[in-house]
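The structure appears right after this line, and notes come after that.
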Protein chains: 2
Amino acid sequence: MKDPADRPPDPTPATPGRRAVVLLSGGLDSATTLAIARAEGYAPCALSFRYGQRHHVELEAARLVALSLGALRHEITDIDLALFGGSALTSNIPVPQGRSWAEISEGIPVTYVPARNTVFLAIALAWAETLGAADIFIGVNAVDYSGYPDCRPEFIRAFEAMANLATRAGVEGTRYRIHAPLISLTKAEIIRRGLELGVDYSITRSCYAPDAEGRACGECDSCRIRLAGFAALGISDPATYSP
Amino acid sequence: MKDPADRPPDPTPATPGRRAVVLLSGGLDSATTLAIARAEGYAPCALSFRYGQRHHVELEAARLVALSLGALRHEITDIDLALFGGSALTSNIPVPQGRSWAEISEGIPVTYVPARNTVFLAIALAWAETLGAADIFIGVNAVDYSGYPDCRPEFIRAFEAMANLATRAGVEGTRYRIHAPLISLTKAEIIRRGLELGVDYSITRSCYAPDAEGRACGECDSCRIRLAGFAALGISDPATYSP
């Protein structure tokens, strides 16, 4: 993993445009989303969560991604979703390894965290209102569909409608928009777009079950979908995998 | 303040009925809402938040209320809304004192916390899904209207619609319901209903700016609305006020 602090200064620092809150996990999708928000002229304020996830190495990745892509701000906030259990990402339920494509494509996996995107977007909305931002970006994707109900377009639209009724700014005329720019892209299309925008995928982390040194397992659903995306483009994934 | 532990055991402990998540601040409204949930046959699972509020004495009140009204469970979870600022309840903005009724009835006050009920309901939804509960109770009120956008019926309906798209349980057929049983009641009607259901209002705390000993100020909007509710019934508020 290259530390962006070791590299020359980025030639195109964030412009002081309209602020947008960008949910940033440190994975491939959210890094691409941050790059898209910036390319669309927003000054991205990145928001990450320490929510009891087992794969906390992603937070270090989020920090590097925010630095590398010129986020105006980056906040990491704590939220105790582990209290509620119910997911392989926050409890002792094993993360599935080596599932077939048929298994990956079918149903809602045990890595579903109850209402996670609802909670993340709600807190993003609170921060957006405080910042005077009307735009929130989230890297959900419904094509390489991993079965999460809170990654579907109808969920995003319903959240947006609710957000405009929930807030002082909404009542006073702000029109909140939830941007999900990856929602109809394949994984390969996401990676191609990110590479065009200069995303350094070597510092991103998508694995649900990294090893003790933070290396990706290569076998969980998330790794398999990611690796297939790079393979479809005929390039190799620059992330570090367990030997 | 009487400690429920000093009193004889409650003759009607919570029945093992359908579970419901009840948002419990420790104030008059949420205590009444918990009593209503139980009277409607639910086994209430109370949820409180430590969200950087200055009036943290309300969490001790929440604990006593949950005990006193026979909640099946009571969880207090941390969430850092203070990070985002923007409210007199979580920052150094002064809490208004001694405002006129005209001032109280008009506009959105500085005690508005950005997207607070959205965040609270989102986390309640996460817990409800984990518990297998389909019902969430919140003590919002739109009559003694204190100007909060996230206390309006249209917000509650929009959140409910979103919740049913956000979750695995919603996709699989659960129909989430957000209950706001106080939404069209006056403060006096809320108190009358609570007294019928045995709520001990001496242990509830509504004040936005309690003193160092946890006593209510009597002058903030919340105290004034509460005191007027008791006065309308011709009874005195059993809570403890600063001399």
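Simple scheme: letters A, B, ... for chains in structure tokens order, numbers from 1 for residues in each chain, numbers from 1 for ligands in the order shown.
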
### Message
What are the residues of chain B lining chain A at 8 Å or less? Count only C-alpha atoms, and put the answer as a VMD selection string.
### Response
chain B and resid 77 to 81 84 to 86 108 114 to 119 122 to 123 125 to 127 129 to 130 148 to 150 154 to 155 158 to 159 161 to 162 165 to 168 171

### Residues near Leu34 (chain A), cut-off 9 Å, only C-alpha atoms, skip fewer than 2 positions along chain, as a list in words
Val22, Leu23, Leu24, Asp29, Ser30, Ala31, Thr32, Ile36, Ala37, Arg38, Ala39, Pro44, Ala46, Val65, Ala66, Leu69, Ala71, Phe137, Ile138 and Gly139 of chain A

### Task
From region 40-195 of chain B, collect each residue whose DSSP state is alpha helix (DSSP H) and return the set as a PyMOL selection string.
chain B and resi 57-68+101-105+116-131+153-166+168-171+187-195

### Query
Which residues come within 12 Å of region 227-230 of chain A, counting only C-alpha atoms, excluding same-chain residues fewer than 2 positions away, as a PyMOL selection string?
chain A and resi 28-29+101+143-144+185-192+194-195+201+206-207+216-225+232-241
